[in-house]
Every structure is written in C-alpha cells, then in structure tokens.
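> I'd like to ask some things about the structure below.
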Amino acid sequence: MVKNKLSPAARREENWGWIMVAPTIIGLVVLNLWPFVQTIYTSFCEHLGFGHYKFIGLGNYAEIFSNAEFWKATWNTILFCILTVPVGLFLSLLVAMLLNAKIKFKGGFRTIFFLPMVCAPAAVTMVWRWIFNGEYGILNQVMGTHVGWITDPRFVMLSCAIVAIWSNIGYDAVLLLAGLQNIPKTLYEANSIDGAGKVKQFFTITLPMVSPTLFVVMIMRLMSAVKVYDLIYMMVEDTNPAVTSVQSLMYLFYRESFIAGSRGTGSAIVIWTVLLIGLVTVIQFYGQKKWVNYDV
Amino acid sequence: MKNRSLEASQKRMTVITYAALIIGALIMVFPFVWMILTSLKTVPESMQVPPTILPKELIVSNFGEAMKSLPFLKLYLNTGLMIFFRVICAVAFSSMAGYAFAMLEFRGKKLLFGIVLVQMSLPSQIFIIPQYQMVAKMGLANTIFALVFPGIVSAFGVFFLRQTYMGIPKEIGEAAYLDGCNQWQTFYKVMFPLTGTSVAALTIFTAVFAYSDLMWPLVVNSDLNMMTLSSGLATLRGQFTTNFPVLMAGSLLAMLPMVILYLIFQKQFIEGIASTGGK
C-alpha cells in the first residue's frame, strides 16, 4: 500500500492539497475540459435543434472545406495577423524606446498610450465607426477623400487593422518597456566608447537584448489576432455588404453557431482555428531559435 | 569643440523624442476627444460639411436620449455584479489552488496542473457552445449567474498566483506550521496576506477582461435588461446608423466608470495588467 508509506503529516498535507485544488479542478472539468470534449464530438454531428445531435462523421468538415466563405474567413484571419502583428510590434517597440529615453511626463505619456486597454472594444469601435464614416466621417473630410472605409471591401480590412493596432500599442509598449529597462546601462556605455552610431547600437544591443520580451509579445499578439472577433463584429455588422471581406474565423463561428444555429459546423470551425493556432505556435517555436537571444 | 556638437545632437534627439511622443499621444487621444465633442453636438451639426471642431452650443440631451434607448442603470448593475462575482471567485479559488500547487505535495499534482495548462492554451470559444447549452438546460439564461458562469474558475489566475507563491520562501510557511498553524491557517493567515500585489493585479485583469468581453454576454443574455455594458452597446450599433451624437454619448456612458477607475489607479492598472502579460 502506497498510502501507508506517508507519514501522518504528509498525509494531512496531501489531503489539504486535494481540498484546496478541488474547486478549481471541478470547475475546470465541468466548464472547460468536458465542453472541450463535447465541442470535438459536436464537430462530427449535425444539430437537430433543442440540443439533439446526430453523428455524421466528417460531414461538417466536408461542408466547411467546400464553402468559399469559410476559406475567405481563414484568409481574412491570416491577413489580419499579417497586417496587425508586424506593424503593431514595430510601433510598440518605437513607443517603448521613446518612453525609455530621459524625458519628463513619462507617466503621463504611458497613461495616454495605455488608455484603450481599459475601454471595452464595443465602446471604442463606436467612435472609430464615426471617424471612418463614408459620408460625414472626419477622416474623409480632413483628407478630402470620399472613401467608404468600412463599407468598401477594399478598405474595410485596413480600417479594422488600424483600430486593432491603435488599441494594442500601449499595452505592448508597456511590456516592451519593461524588457528595455532590464538592459544594463553599462552595455551602452561600453558601446559608445567604441563610437558606434545609434542605429548600429539598436541592432547590436537593443534588439538582441529585448528579443525574448519581443517574442513573448509577438506570440501573445498573434494568438489574439487569430482569435479576433469583437472588434470586427462591432465595426462591421453582418448586414454590411463588405462583411465577407473582413469576417474572421471567430466571427463566422459566432454567426454559424448562434445566428444560423448550426452548431456542428460552428464547432468544426473552432476546431479548425485551434489547429491553426497550434500550427502558428509550432512555427514560432522553431523560428525563435533564429532570432531570439537567450544568452543574456 | 567635439563636445559641443555632441551636446547639440543630444538636444536634437530630445526634441525629436518629445515631438514623436506628442504626435503619438495626440493620435491616441484624438478618438476620445472626438467622441466627447460629438456627443455634445446636435445631429445636423455633427454632419456639417466642413465639420465644426467645437460644438456651437453644448447639448447634453444626447445623454438623455442614450439613457432612453438603453437601460443604462441596469447595464451598470449587471456589469458591476458580473465583475464582482468573477473577481471574488477568481481570487478565492485561484489563491487556494495556486498555494496548493506551489507549496504542498500531493499525488496527482502534475496531472491536475496539466488541466490548468490545457485550459490556458485553448481559445475560450471552444467552450462556448457547450457552456451555453449547460446554462440553457439549467434554465438560467438571462441571469447574472449566466454572465458569471464561465468565469467561476480562472485557470490563468491559478497559474499566475502559483507563480507568486513560488516566489515566497517555503520557510515562512514552515515556521507558521511549527507554531501550530494547520495548512489552512498557514495559507489563510500567513501566506495569502503576502500576495496583495498579485491579488490586486489579478483583480484588475479579471475586471477589465470581464468588462470587455463581448461574445459570451451576447450569446447568453438576449434580454436587454440583463445585458452588460458591452453587449448592450452592441445592440445600438444597428439602431442608430446616422445619429452619431447619441451613439457617442452612449459609448461615453459605457466607458466612464472604468476610465475613472483607471485614472485614479493608473499605476496599479498599468503595472497590474502588464504583470499578467502574456495572456
């Protein structure tokens, strides 16, 4: 008997351990683990209504894979990542470096850049819809253009990407700033004696030293970009003719599952998205060896 | 001579830094300013070409109209209650589990912690359909409970607080134990009070996350009186396609409580959310 090998104190400790994790574990099993299994199962079923399901094998997958709207949503999601992540990271790093300089009102600037983080996307997208409005929006008036920023299929993705970048810049910059502040000042001092220029300094010291933080921020940003939903949902309602040009996988999932009521295909779309996330993660972890510097 | 040119270039750098930061800050602030200005204009004025920057006269009736089109008091209350219960649950359960995973030895620990990690690495949408079916089956759609439901446990909270407890020397717990505290007393009276900063960070993170969440409240509470600020605001989107002053007033009303809290507790918000970074 294994149990007898434990001293009374160790057994008490074990009991307390189980008691203290019990609420969390029970909650996770009921709220997450079991639903996870159910969603996988549902993706192989047809929803007959009122929570009744019929097993149909790969039928849902066959259906979504032959659906042009699904492939468009997959491409939109990838495009959204391509448009928002690199530019967003670049701008956040720039802001972080500016905030890392010897300046006054550092706290004030930080507060301003971070502000969108505490505003619900539902609220901030409202003003962006107004700014981007094709007829009376301030953007067209200032630029003297007449572009339907959120109704023209050619521009709608760009508009959403701008809002996404604007929303996340402050948060990413604060994380990167912490990474920059960890770089020992002596590295720069030694380097400036060598007479290296600022640009060279950036590539030889700053970038390699901040690369682990940059990597974490990039992963986080990629993951949330693959799952993007609320921002696009708020910017472009499903009656907007441009919706197919910007609809992400999670937006399509929401419409399929809760508006069209076909939970089988909805589940298949989520599973597909999880596979996509898995693929991105694998690529990242192989790719990081090439540029992330862990020797510091 | 060389020194002076170095000084001049340093000065130039400072000027460029300030200029870039000020331009950036203006871009960040502009949408908020425009929101406020528009909310104070009449509809015809908001559509005027060329646009007016400042309202000709300050109109507050837009706020009244926003309050009429959405039951704001209810939305505040629902959102507040959802946040309150989610925070209590997240802090209580995650502290207990975080402490146990960091400090105690028990069989199955690795496997059970694995469940926490699995939950964290999956997107929340994968749970939504079954979670919704559970709530519907219990007949609890359109309740505060439904809003709180997926947030009763927080895998992220467990992970985050475990990290915190691992940073506390085990000797502190052992000393309390030798003084006659049992495991629960050691946790509750000695260890938990040491985690204030992390608990505050988790509280802010949980609150902001719950407040911003859109898909779950939309799915589970379709009755306007049981919506959150986010999902309630989403219903205005299609209703007012031209009345932007009212939309802006409504958005301002929805944002105001969190922004005020943020401006009061800036440091805690920024450092708290940043310390939970990576999620």
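Here, A, B, ... name the chains of the structure tokens in the order displayed, residue numbers run from 1 inside each chain, and ligands are numbered from 1 in the same displayed order.
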I'd like the contact shell of Ile269 in chain A - 12 Å cut-off, only C-alpha atoms, skipping same-chain residues fewer than 5 positions apart - returned as a compact mmCIF listing (two decimals) with C-alpha atoms, in the first residue's frame.

```txt
# COMPACT_ATOMS: atom_id res chain seq x y z
CA THR A 39 -17.10 20.52 -28.95
CA ILE A 40 -14.86 17.95 -30.61
CA THR A 42 -20.23 18.14 -31.86
CA SER A 43 -17.97 18.93 -34.79
CA PHE A 44 -18.81 15.41 -36.06
CA ASN A 60 -19.30 19.25 -41.17
CA TYR A 61 -15.68 19.38 -42.21
CA ALA A 62 -16.60 18.43 -45.78
CA GLU A 63 -19.18 21.19 -45.69
CA ILE A 64 -16.89 23.96 -44.45
CA PHE A 65 -13.98 22.90 -46.65
CA ASN A 67 -17.51 26.59 -48.61
CA GLU A 69 -16.96 31.88 -47.28
CA PHE A 70 -15.03 29.67 -44.87
CA TRP A 71 -11.82 29.87 -46.89
CA ALA A 73 -12.65 33.85 -43.42
CA THR A 74 -9.49 31.78 -42.97
CA LYS A 227 -9.00 34.76 -32.36
CA SER A 248 -12.68 36.42 -39.31
CA LEU A 249 -12.99 32.75 -38.39
CA MET A 250 -14.38 33.58 -34.95
CA TYR A 251 -16.92 35.97 -36.45
CA LEU A 252 -18.02 33.20 -38.84
CA PHE A 253 -18.12 30.81 -35.87
CA TYR A 254 -20.43 33.16 -33.99
CA ARG A 255 -22.76 33.58 -36.96
CA GLU A 256 -22.85 29.86 -37.75
CA SER A 257 -23.36 28.71 -34.15
CA SER A 262 -25.73 25.14 -36.99
CA ARG A 263 -23.58 24.21 -34.02
CA GLY A 264 -21.97 21.28 -35.82
CA VAL A 274 -7.36 25.63 -32.78
CA LEU A 275 -5.38 23.63 -35.35
CA LEU A 276 -4.34 26.92 -36.95
CA GLN B 125 -14.60 29.99 -27.99
CA ILE B 126 -14.03 26.26 -27.96
```
> Write out as a list in words each polymer residue whose atoms come within 7 Å of Ile112 in chain A, counting only C-alpha atoms; drop sequence neighbours fewer than 5 positions from it.
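Residues near the query, excluding close chain neighbours: Ala25, Met28 and Val29 of chain B.
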> Take the selection from the previous step and output its residues with C-alpha atoms, as a tab-separated table (two decimals), in the first residue's frame.

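again.tsv was written with the following content:
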```tsv
chain	number	residue	atom	x	y	z
B	25	ALA	CA	-0.20	60.83	-27.80
B	28	MET	CA	-4.09	58.04	-29.15
B	29	VAL	CA	-6.25	60.72	-27.57
```
> Considering only C-alpha atoms, can you say which of A:Phe80, A:Tyr229, A:Trp149, A:Tyr188 comes closest to chain B?
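Nearest candidate to chain B out of A:Phe80, A:Tyr229, A:Trp149, A:Tyr188: A:Tyr229.
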> Restricting the calculation to only C-alpha atoms, which member of A:Gln288, A:Ser167, A:Pro153, A:Phe202 is positioned closest to Asn240 in chain A?
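Looking at the shortest contact to Asn240 in chain A, the residue is A:Pro153.
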> Restricting the calculation to only C-alpha atoms, which member of A:Phe105, A:Tyr286, A:Phe55, A:Phe258 is positioned closest to Ile128 in chain B?
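Closest to Ile128 in chain B, using only C-alpha atoms: A:Phe258.
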> One decimal, Å: what's the distance from CA of Asp230 in chain A over to CA of Ala210 in chain B, could you say?
13.1 Å
> List as a PyMOL selection string the protein and nucleic acid residues near Ala97 in chain B, meaning an atom at most 12 Å away when only C-alpha atoms are counted, but skip any in the same chain fewer than 2 places from it.
(chain A and resi 16-28) or (chain B and resi 89-95+99-104+109+112-113+116+153-165+184+187+192)
> Would you mind exporting the chosen residues as a compact mmCIF listing (two decimals), in the first residue's frame, restricted to C-alpha atoms?

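In the end it all went to selection.txt:
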```
# COMPACT_ATOMS: atom_id res chain seq x y z
CA TRP A 16 -5.18 19.76 2.18
CA GLY A 17 -3.63 19.86 -1.29
CA TRP A 18 -6.58 17.99 -2.75
CA ILE A 19 -9.13 20.07 -0.86
CA MET A 20 -7.56 23.34 -1.94
CA VAL A 21 -7.37 22.49 -5.64
CA ALA A 22 -10.81 20.83 -5.64
CA PRO A 23 -12.96 23.90 -6.51
CA THR A 24 -10.64 24.84 -9.36
CA ILE A 25 -10.32 21.33 -10.74
CA ILE A 26 -14.04 20.58 -10.51
CA GLY A 27 -14.73 23.93 -12.18
CA LEU A 28 -12.23 23.32 -14.95
CA CYS B 89 -14.34 33.56 -7.43
CA ALA B 90 -11.09 34.10 -9.32
CA VAL B 91 -9.25 35.41 -6.26
CA ALA B 92 -10.59 32.85 -3.76
CA PHE B 93 -10.30 29.68 -5.84
CA SER B 94 -7.10 30.68 -7.64
CA SER B 95 -5.37 31.63 -4.37
CA TYR B 99 -0.95 27.94 -2.97
CA ALA B 100 -1.51 24.18 -3.10
CA PHE B 101 0.26 23.78 -6.43
CA ALA B 102 3.23 25.85 -5.29
CA MET B 103 3.66 24.77 -1.67
CA LEU B 104 2.05 21.39 -1.00
CA LYS B 109 -0.37 17.31 -8.69
CA LEU B 112 -4.08 18.30 -12.22
CA PHE B 113 -1.83 21.23 -13.06
CA VAL B 116 -4.88 24.17 -15.84
CA VAL B 153 -12.73 29.40 -12.12
CA SER B 154 -9.75 31.09 -13.69
CA ALA B 155 -7.01 28.82 -14.98
CA PHE B 156 -4.94 31.87 -15.68
CA GLY B 157 -5.42 33.06 -12.09
CA VAL B 158 -4.19 29.72 -10.76
CA PHE B 159 -1.15 29.83 -12.98
CA PHE B 160 -0.40 33.44 -12.07
CA LEU B 161 -0.80 33.04 -8.30
CA ARG B 162 1.13 29.75 -8.26
CA GLN B 163 3.98 31.79 -9.72
CA THR B 164 3.60 34.30 -6.88
CA TYR B 165 3.54 31.64 -4.15
CA TRP B 184 -5.36 26.12 6.05
CA PHE B 187 -2.36 29.66 3.92
CA PHE B 192 -2.37 34.86 1.47
```
> Determine, counting only C-alpha atoms, which protein, DNA and RNA residues have an atom within 7 Å of an atom of Cys160 in chain A; residues of the same chain fewer than 4 positions away are not included. Present the result as a list in words.
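Within the cut-off, the hits are Val156, Ala164 and Ile232 of chain A.
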> Looking only at helix (DSSP H, G or I) from DSSP on the backbone, list the matching residues of range 119-156 of chain A as an mmCIF file with N, CA and C atoms, in the first residue's frame.

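Result file part_20.cif:
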```
data_model
loop_
_atom_site.group_PDB
_atom_site.id
_atom_site.type_symbol
_atom_site.label_atom_id
_atom_site.label_comp_id
_atom_site.auth_asym_id
_atom_site.auth_seq_id
_atom_site.Cartn_x
_atom_site.Cartn_y
_atom_site.Cartn_z
ATOM 1 N N PRO A 121 -13.844 47.190 -26.173
ATOM 2 C CA PRO A 121 -13.811 47.325 -27.635
ATOM 3 C C PRO A 121 -15.158 47.774 -28.181
ATOM 4 N N ALA A 122 -16.237 47.349 -27.536
ATOM 5 C CA ALA A 122 -17.565 47.746 -28.004
ATOM 6 C C ALA A 122 -17.716 49.261 -27.996
ATOM 7 N N ALA A 123 -17.101 49.925 -27.008
ATOM 8 C CA ALA A 123 -17.234 51.376 -26.911
ATOM 9 C C ALA A 123 -16.275 52.099 -27.846
ATOM 10 N N VAL A 124 -15.019 51.696 -27.886
ATOM 11 C CA VAL A 124 -14.076 52.450 -28.720
ATOM 12 C C VAL A 124 -14.337 52.266 -30.205
ATOM 13 N N THR A 125 -14.837 51.090 -30.601
ATOM 14 C CA THR A 125 -15.081 50.921 -32.032
ATOM 15 C C THR A 125 -16.186 51.858 -32.516
ATOM 16 N N MET A 126 -17.086 52.245 -31.603
ATOM 17 C CA MET A 126 -18.157 53.168 -31.992
ATOM 18 C C MET A 126 -17.581 54.462 -32.554
ATOM 19 N N VAL A 127 -16.585 55.001 -31.873
ATOM 20 C CA VAL A 127 -16.043 56.278 -32.339
ATOM 21 C C VAL A 127 -15.241 56.073 -33.624
ATOM 22 N N TRP A 128 -14.624 54.900 -33.750
ATOM 23 C CA TRP A 128 -13.897 54.639 -34.998
ATOM 24 C C TRP A 128 -14.865 54.505 -36.169
ATOM 25 N N ARG A 129 -16.042 53.923 -35.930
ATOM 26 C CA ARG A 129 -17.056 53.862 -36.991
ATOM 27 C C ARG A 129 -17.434 55.270 -37.435
ATOM 28 N N TRP A 130 -17.475 56.160 -36.466
ATOM 29 C CA TRP A 130 -17.829 57.545 -36.750
ATOM 30 C C TRP A 130 -16.705 58.239 -37.515
ATOM 31 N N ILE A 131 -15.451 58.031 -37.055
ATOM 32 C CA ILE A 131 -14.321 58.647 -37.747
ATOM 33 C C ILE A 131 -14.228 58.138 -39.187
ATOM 34 N N ILE A 138 -14.830 62.271 -40.113
ATOM 35 C CA ILE A 138 -13.801 63.309 -40.082
ATOM 36 C C ILE A 138 -12.603 62.933 -40.951
ATOM 37 N N LEU A 139 -12.323 61.644 -41.062
ATOM 38 C CA LEU A 139 -11.149 61.221 -41.829
ATOM 39 C C LEU A 139 -11.273 61.638 -43.295
ATOM 40 N N ASN A 140 -12.420 61.343 -43.902
ATOM 41 C CA ASN A 140 -12.629 61.740 -45.295
ATOM 42 C C ASN A 140 -12.610 63.251 -45.446
ATOM 43 N N GLN A 141 -13.176 63.942 -44.476
ATOM 44 C CA GLN A 141 -13.236 65.401 -44.569
ATOM 45 C C GLN A 141 -11.846 66.016 -44.493
ATOM 46 N N VAL A 142 -11.016 65.469 -43.617
ATOM 47 C CA VAL A 142 -9.664 66.011 -43.469
ATOM 48 C C VAL A 142 -8.831 65.680 -44.697
ATOM 49 N N MET A 143 -8.983 64.458 -45.186
ATOM 50 C CA MET A 143 -8.149 64.040 -46.307
ATOM 51 C C MET A 143 -8.741 64.445 -47.655
ATOM 52 N N VAL A 156 -12.023 47.904 -45.931
ATOM 53 C CA VAL A 156 -12.570 47.550 -44.628
ATOM 54 C C VAL A 156 -11.554 46.805 -43.751
#
```
> Separation of CA of Arg11 in chain A and CA of Gln183 in chain B, in Å?
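Distance between the two atoms: 11.7 Å.
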